[in-house]
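Structure data follow from entry-v4.txt (compact mmCIF, C-alpha atoms):
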# COMPACT_ATOMS: atom_id res chain seq x y z
CA MET B 1 -245.33 -53.04 168.40
CA PRO B 2 -248.27 -54.49 166.48
CA THR B 3 -247.77 -55.69 162.94
CA LYS B 4 -248.61 -52.87 160.53
CA ILE B 5 -250.62 -53.53 157.36
CA VAL B 6 -251.52 -51.02 154.66
CA VAL B 7 -254.81 -51.74 152.85
CA VAL B 8 -255.23 -50.09 149.45
CA ASP B 9 -258.67 -50.32 147.85
CA ASP B 10 -260.80 -47.61 146.23
CA GLU B 11 -264.00 -49.37 147.31
CA LYS B 12 -264.47 -48.02 150.82
CA PRO B 13 -266.85 -50.79 152.01
CA ILE B 14 -264.26 -53.43 151.08
CA ALA B 15 -261.46 -51.48 152.75
CA GLU B 16 -263.55 -51.13 155.92
CA ILE B 17 -264.35 -54.86 156.00
CA LEU B 18 -260.67 -55.68 155.61
CA GLU B 19 -259.77 -53.18 158.33
CA PHE B 20 -262.31 -54.71 160.73
CA ASN B 21 -261.15 -58.29 160.20
CA LEU B 22 -257.46 -57.44 160.37
CA GLN B 23 -257.88 -55.40 163.53
CA LYS B 24 -259.70 -58.36 165.12
CA GLU B 25 -256.47 -60.32 164.54
CA GLY B 26 -254.49 -57.64 166.35
CA TYR B 27 -252.96 -55.89 163.35
CA GLU B 28 -252.52 -52.14 163.02
CA VAL B 29 -254.28 -51.09 159.81
CA LEU B 30 -253.74 -48.03 157.63
CA ILE B 31 -256.00 -47.37 154.63
CA ALA B 32 -255.61 -45.58 151.31
CA HIS B 33 -258.22 -45.32 148.57
CA GLU B 34 -256.20 -43.73 145.76
CA GLY B 35 -252.95 -44.68 144.07
CA ASN B 36 -250.76 -41.66 144.73
CA GLU B 37 -251.93 -41.48 148.33
CA ALA B 38 -251.24 -45.20 148.73
CA LEU B 39 -247.67 -44.99 147.43
CA ASP B 40 -246.87 -42.06 149.73
CA LEU B 41 -248.37 -43.94 152.70
CA ILE B 42 -246.40 -47.13 152.01
CA LEU B 43 -243.09 -45.32 151.53
CA GLU B 44 -243.65 -43.23 154.66
CA GLU B 45 -244.91 -45.97 157.00
CA VAL B 46 -242.92 -48.96 155.61
CA PRO B 47 -245.55 -51.50 156.76
CA ASP B 48 -244.97 -55.19 157.43
CA LEU B 49 -247.37 -56.14 154.61
CA VAL B 50 -249.43 -54.46 151.87
CA LEU B 51 -252.85 -55.50 150.57
CA LEU B 52 -252.96 -53.79 147.19
CA ASP B 53 -255.91 -53.52 144.82
CA ILE B 54 -254.98 -53.44 141.13
CA MET B 55 -257.69 -51.12 139.84
CA LEU B 56 -257.20 -47.71 141.48
CA PRO B 57 -257.64 -44.05 140.55
CA GLY B 58 -254.32 -42.32 139.98
CA LYS B 59 -251.48 -44.83 140.01
CA ASP B 60 -252.76 -48.37 139.61
CA GLY B 61 -251.69 -51.28 141.79
CA MET B 62 -249.18 -52.57 139.27
CA GLU B 63 -247.35 -49.24 139.17
CA ILE B 64 -247.38 -48.97 142.97
CA CYS B 65 -245.97 -52.49 143.29
CA ARG B 66 -243.18 -51.63 140.86
CA GLU B 67 -242.27 -48.46 142.77
CA VAL B 68 -242.36 -50.11 146.20
CA ARG B 69 -240.16 -52.98 145.03
CA LYS B 70 -237.40 -50.50 144.14
CA LYS B 71 -236.92 -49.84 147.87
CA TYR B 72 -238.61 -52.46 150.02
CA ASP B 73 -239.23 -56.20 150.10
CA MET B 74 -242.22 -56.42 152.46
CA PRO B 75 -244.87 -58.94 151.33
CA ILE B 76 -247.35 -57.54 148.80
CA ILE B 77 -250.67 -59.31 148.24
CA MET B 78 -252.52 -58.10 145.15
CA LEU B 79 -256.30 -57.80 145.31
CA THR B 80 -258.04 -58.05 141.96
CA ALA B 81 -261.56 -58.35 140.63
CA LYS B 82 -260.08 -59.77 137.45
CA ASP B 83 -259.72 -63.53 137.24
CA ASP B 84 -257.58 -63.17 134.14
CA GLU B 85 -254.30 -65.10 134.10
CA ILE B 86 -252.42 -62.16 132.57
CA ASP B 87 -253.21 -59.93 135.55
CA LYS B 88 -251.97 -62.53 138.03
CA VAL B 89 -248.80 -63.20 136.08
CA LEU B 90 -248.04 -59.51 135.56
CA GLY B 91 -248.44 -58.84 139.27
CA LEU B 92 -246.00 -61.63 140.09
CA GLU B 93 -243.57 -60.40 137.44
CA LEU B 94 -243.52 -56.99 139.12
CA GLY B 95 -242.63 -58.52 142.48
CA ALA B 96 -245.93 -59.25 144.21
CA ASP B 97 -245.75 -62.21 146.59
CA ASP B 98 -249.36 -63.31 146.30
CA TYR B 99 -252.76 -62.43 144.86
CA VAL B 100 -256.37 -62.93 145.86
CA THR B 101 -259.25 -62.71 143.40
CA LYS B 102 -262.44 -60.92 144.46
CA PRO B 103 -264.80 -61.97 145.86
CA PHE B 104 -262.83 -63.65 148.63
CA SER B 105 -263.71 -64.69 152.16
CA ALA B 106 -262.22 -62.89 155.15
CA ARG B 107 -261.00 -66.26 156.42
CA GLU B 108 -259.08 -66.96 153.21
CA LEU B 109 -257.50 -63.50 153.18
CA ILE B 110 -256.41 -63.69 156.83
CA ALA B 111 -254.83 -67.08 156.12
CA ARG B 112 -252.88 -65.56 153.22
CA VAL B 113 -251.79 -62.61 155.37
CA LYS B 114 -250.56 -64.87 158.18
CA ALA B 115 -248.73 -67.19 155.76
CA ASN B 116 -246.86 -64.28 154.18
CA LEU B 117 -246.02 -62.65 157.50
CA ARG B 118 -244.68 -65.91 158.94
CA ARG B 119 -242.11 -66.10 156.18
CA LYS B 120 -240.97 -62.56 156.91
CA THR B 121 -240.27 -63.06 160.63
CA PRO B 122 -236.51 -62.57 161.15
CA SER B 123 -234.34 -64.65 163.43
CA THR B 124 -232.34 -63.01 166.23
CA GLU B 125 -228.60 -62.51 165.85
CA GLU B 126 -227.99 -64.85 168.80
CA ASP B 127 -229.67 -67.68 166.90
CA LYS B 128 -227.42 -67.30 163.88
CA THR B 129 -225.02 -70.17 163.13
CA ASP B 130 -223.08 -71.46 160.15
CA GLU B 131 -225.70 -74.20 159.90
CA ASN B 132 -228.14 -71.49 158.83
CA ILE B 133 -226.08 -70.61 155.76
CA ILE B 134 -226.57 -72.74 152.65
CA LYS B 135 -223.84 -72.63 150.01
CA ILE B 136 -224.34 -73.74 146.43
CA ARG B 137 -221.08 -73.05 144.60
CA GLU B 138 -220.81 -69.24 144.22
CA ILE B 139 -224.18 -68.63 145.94
CA SER B 140 -224.67 -68.35 149.71
CA ILE B 141 -228.10 -68.18 151.35
CA ASP B 142 -228.23 -66.71 154.86
CA LEU B 143 -231.42 -68.12 156.37
CA ASP B 144 -231.31 -65.78 159.37
CA ALA B 145 -230.67 -62.52 157.54
CA TYR B 146 -232.85 -63.37 154.52
CA LEU B 147 -229.78 -62.52 152.46
CA VAL B 148 -228.49 -64.06 149.24
CA LYS B 149 -225.04 -63.38 147.80
CA LYS B 150 -223.36 -64.50 144.61
CA ASN B 151 -219.59 -64.09 144.49
CA ASP B 152 -219.95 -61.96 147.65
CA GLU B 153 -222.31 -59.55 145.87
CA GLU B 154 -225.76 -59.20 147.41
CA VAL B 155 -228.67 -60.34 145.23
CA GLU B 156 -231.93 -58.48 145.83
CA LEU B 157 -234.81 -60.96 146.08
CA THR B 158 -238.43 -60.63 147.08
CA GLN B 159 -239.65 -62.69 150.01
CA ARG B 160 -241.24 -65.31 147.76
CA GLU B 161 -238.17 -65.58 145.54
CA PHE B 162 -236.01 -66.09 148.63
CA GLU B 163 -238.31 -68.76 150.03
CA LEU B 164 -238.36 -70.67 146.76
CA LEU B 165 -234.57 -70.53 146.37
CA LYS B 166 -234.07 -71.57 150.00
CA TYR B 167 -236.38 -74.55 149.69
CA LEU B 168 -234.80 -75.83 146.48
CA ALA B 169 -231.30 -75.29 147.90
CA GLN B 170 -232.13 -77.40 150.95
CA TYR B 171 -232.60 -80.40 148.64
CA PRO B 172 -229.95 -80.10 145.90
CA GLY B 173 -230.47 -82.49 143.03
CA GLN B 174 -234.01 -83.40 144.11
CA VAL B 175 -236.65 -82.57 141.52
CA MET B 176 -239.69 -80.79 142.95
CA THR B 177 -242.99 -80.74 141.09
CA ARG B 178 -244.74 -77.42 140.63
CA GLU B 179 -247.68 -78.69 142.69
CA HIS B 180 -245.36 -79.65 145.55
CA LEU B 181 -243.67 -76.25 145.47
CA LEU B 182 -247.04 -74.49 145.57
CA GLU B 183 -248.08 -76.47 148.60
CA THR B 184 -244.77 -76.20 150.44
CA VAL B 185 -243.42 -72.75 149.59
CA TRP B 186 -246.68 -70.86 149.14
CA GLY B 187 -248.30 -72.82 151.95
CA TYR B 188 -251.81 -73.26 150.59
CA ASP B 189 -253.71 -74.57 147.61
CA TYR B 190 -253.39 -72.45 144.46
CA PHE B 191 -256.00 -74.60 142.74
CA GLY B 192 -253.56 -75.90 140.16
CA ASP B 193 -252.24 -72.48 139.12
CA VAL B 194 -248.71 -73.78 138.52
CA ARG B 195 -247.87 -70.74 136.37
CA THR B 196 -247.16 -69.00 139.67
CA VAL B 197 -244.12 -71.23 140.18
CA ASP B 198 -242.92 -70.77 136.60
CA VAL B 199 -243.03 -66.97 136.90
CA THR B 200 -241.15 -66.96 140.19
CA VAL B 201 -238.50 -69.34 138.85
CA ARG B 202 -238.04 -67.10 135.82
CA ARG B 203 -237.56 -64.04 138.05
CA LEU B 204 -235.07 -65.95 140.20
CA ARG B 205 -233.05 -67.05 137.20
CA GLU B 206 -232.84 -63.47 135.95
CA LYS B 207 -231.27 -62.50 139.27
CA ILE B 208 -228.92 -65.36 140.10
CA GLU B 209 -227.94 -66.89 136.76
CA THR B 210 -225.17 -65.52 134.55
CA ASP B 211 -227.37 -66.31 131.56
CA SER B 212 -230.99 -66.94 132.51
CA SER B 213 -231.68 -68.65 129.18
CA HIS B 214 -228.98 -71.22 130.00
CA PRO B 215 -229.36 -71.72 133.78
CA GLU B 216 -226.64 -73.38 135.82
CA TYR B 217 -228.33 -73.32 139.23
CA ILE B 218 -232.09 -73.76 138.89
CA LEU B 219 -232.67 -76.46 136.29
CA THR B 220 -235.85 -77.81 134.73
CA ARG B 221 -236.77 -81.48 134.52
CA ARG B 222 -239.13 -81.27 131.58
CA GLY B 223 -242.62 -82.47 132.38
CA VAL B 224 -241.83 -82.77 136.09
CA GLY B 225 -240.55 -79.64 137.81
CA TYR B 226 -237.43 -77.85 139.05
CA PHE B 227 -234.30 -78.60 141.02
CA ILE B 228 -231.11 -76.94 142.23
CA LYS B 229 -227.91 -78.32 140.72
CA GLY B 230 -225.56 -78.92 143.63
CA ASP B 231 -221.77 -79.05 143.73
CA ASP B 232 -220.20 -81.26 141.08

Output the file's structure as C-alpha cells, nothing else.
Amino acid sequence: MPTKIVVVDDEKPIAEILEFNLQKEGYEVLIAHEGNEALDLILEEVPDLVLLDIMLPGKDGMEICREVRKKYDMPIIMLTAKDDEIDKVLGLELGADDYVTKPFSARELIARVKANLRRKTPSTEEDKTDENIIKIREISIDLDAYLVKKNDEEVELTQREFELLKYLAQYPGQVMTREHLLETVWGYDYFGDVRTVDVTVRRLREKIETDSSHPEYILTRRGVGYFIKGDD
C-alpha cells in the first residue's frame, strides 16, 4: 500500500501544489481545508504523516496537533507563514516533529517528508534481537518496536522524542552539542535553531525523569550540550 499523507491547508492553491508534488513521489494524498474536517480525516484515516498548517478556520493547527497526539504518534510537520520563534516552539511543545516556514520550496518539503518517514519505518519481528534493546538503568529502549519503558511501564513518546533518546542512549556519557544533534537526529540543517533541541529535551525529561527539574538521565553540560548518564 502506498504511504498515506494528509495535507491540511486552507489555501487551496498551496494544498494542490503539495498534492501534485507528493503524488509525483508516489504518495497517496488526502486534503482538508478546514480544522474540524482535518481532525476528522486524520482520526479516520490514520495517515503515515500529516502536513498541518497552523492558521486554519475552525480548529487551528495547534489544537489539531494536540488532539491527534492523544491517540497517535505519526510524524506531524507544521506549516506556518509565521517566522516567529514562539510559534515554532509551541508547535514542538504540543508534539509536532518538524515545521516548515512559508514560503518553502517543494524540494525542501519533500526532503523533510522523506526524513520523517524514514524514521518511522518499523523493523520486522524476525529482525528483532536483544542487541536492538538499549538499557539505561530503569529505562529500556526497544529499537525495533519504537517502544520505551521505565520500570516496565510504557512511556509514550513522539517519533522525534524517541529518536533523540535513542541517539543519546547509544553513546552514554558522551556530550553532544545541540548543532550535532540537529544534524544527526533531525537529519538536515535547521539554520542554527538550537531551541528545537532544547524543547525536545525538555519534553523528554518530563516523560522519563522522576523530577524533570533535577534530571538523572538526560543531563546538561552547560555551554556545550546534552548527554545520557549511563550506569554507575

* To do: Can you pull out every residue within 12 Å of stretch 104-119 of chain B, counting all atoms listed in the file, but drop anything in the same chain fewer than 4 positions away, and send it as a PyMOL selection string?
  => chain B and resi 3-7+14-27+47-51+73-81+83+96-100+123+143-144+146+158-164+166+183-190

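Proximity of B:Asp198, B:Asp211, B:Glu206, B:Glu67 to B:Ile42, computed with only C-alpha atoms, is greatest for B:Glu67.
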
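Between atom CA of B:Glu138 and atom CA of B:Lys150 the separation is 5.4 Å.
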
Atom CA of B:Leu181 sits from atom CA of B:Asp142 at a separation of 20.4 Å

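Atom to atom, atom CA of B:Gly35 and atom CA of B:Val201 stand 29.1 Å apart.
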
Judged by only C-alpha atoms, the minimum distance to B:Pro57 among B:Thr177, B:Ser212, B:Ser140, B:Asn36 is found for B:Asn36

Find the residues near B:Met55: any atom within 10 Å, counting all atoms listed in the file, skip ones fewer than 2 places away on the same chain, and give them as a ChimeraX atom specification. /B:8-11,34-35,52-53,57-62,79-82

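Nearest to B:Asn151 of all the residues B:Thr220, B:Asn132, B:Gln174, B:Thr210 is B:Thr210, counting all atoms listed in the file.
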
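In terms of minimum interatomic distance to B:Leu90, B:Cys65 ranks closest within B:Leu157, B:Cys65, B:Lys70, B:Ala169, counting all atoms listed in the file.
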
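Of the residues under consideration (B:Arg195, B:Lys102, B:Arg222, B:Arg69), B:Arg195 shows the shortest atom-to-atom contact distance to B:Leu182 when counting all atoms listed in the file.
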
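Checking B:Glu28, B:Ile64, B:Thr200, B:Leu92 one by one against B:Asp40, counting only C-alpha atoms, you find the shortest gap at B:Ile64.
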
Legend entry - Neighbours of point (-232.7, -75.6, 145.9) within 10 Å, using all atoms listed in the file, written as a ChimeraX atom specification: /B:134,136,163-176,217-219,226-230

Restricted to C-alpha atoms, what would the selected residues look like written as a PDB file, in the frame of the given file?
ATOM      1  CA  ILE B 134    -226.570 -72.740 152.650  1.00  0.00           C
ATOM      2  CA  ILE B 136    -224.340 -73.740 146.430  1.00  0.00           C
ATOM      3  CA  GLU B 163    -238.310 -68.760 150.030  1.00  0.00           C
ATOM      4  CA  LEU B 164    -238.360 -70.670 146.760  1.00  0.00           C
ATOM      5  CA  LEU B 165    -234.570 -70.530 146.370  1.00  0.00           C
ATOM      6  CA  LYS B 166    -234.070 -71.570 150.000  1.00  0.00           C
ATOM      7  CA  TYR B 167    -236.380 -74.550 149.690  1.00  0.00           C
ATOM      8  CA  LEU B 168    -234.800 -75.830 146.480  1.00  0.00           C
ATOM      9  CA  ALA B 169    -231.300 -75.290 147.900  1.00  0.00           C
ATOM     10  CA  GLN B 170    -232.130 -77.400 150.950  1.00  0.00           C
ATOM     11  CA  TYR B 171    -232.600 -80.400 148.640  1.00  0.00           C
ATOM     12  CA  PRO B 172    -229.950 -80.100 145.900  1.00  0.00           C
ATOM     13  CA  GLY B 173    -230.470 -82.490 143.030  1.00  0.00           C
ATOM     14  CA  GLN B 174    -234.010 -83.400 144.110  1.00  0.00           C
ATOM     15  CA  VAL B 175    -236.650 -82.570 141.520  1.00  0.00           C
ATOM     16  CA  MET B 176    -239.690 -80.790 142.950  1.00  0.00           C
ATOM     17  CA  TYR B 217    -228.330 -73.320 139.230  1.00  0.00           C
ATOM     18  CA  ILE B 218    -232.090 -73.760 138.890  1.00  0.00           C
ATOM     19  CA  LEU B 219    -232.670 -76.460 136.290  1.00  0.00           C
ATOM     20  CA  TYR B 226    -237.430 -77.850 139.050  1.00  0.00           C
ATOM     21  CA  PHE B 227    -234.300 -78.600 141.020  1.00  0.00           C
ATOM     22  CA  ILE B 228    -231.110 -76.940 142.230  1.00  0.00           C
ATOM     23  CA  LYS B 229    -227.910 -78.320 140.720  1.00  0.00           C
ATOM     24  CA  GLY B 230    -225.560 -78.920 143.630  1.00  0.00           C
TER      25      GLY B 230
END
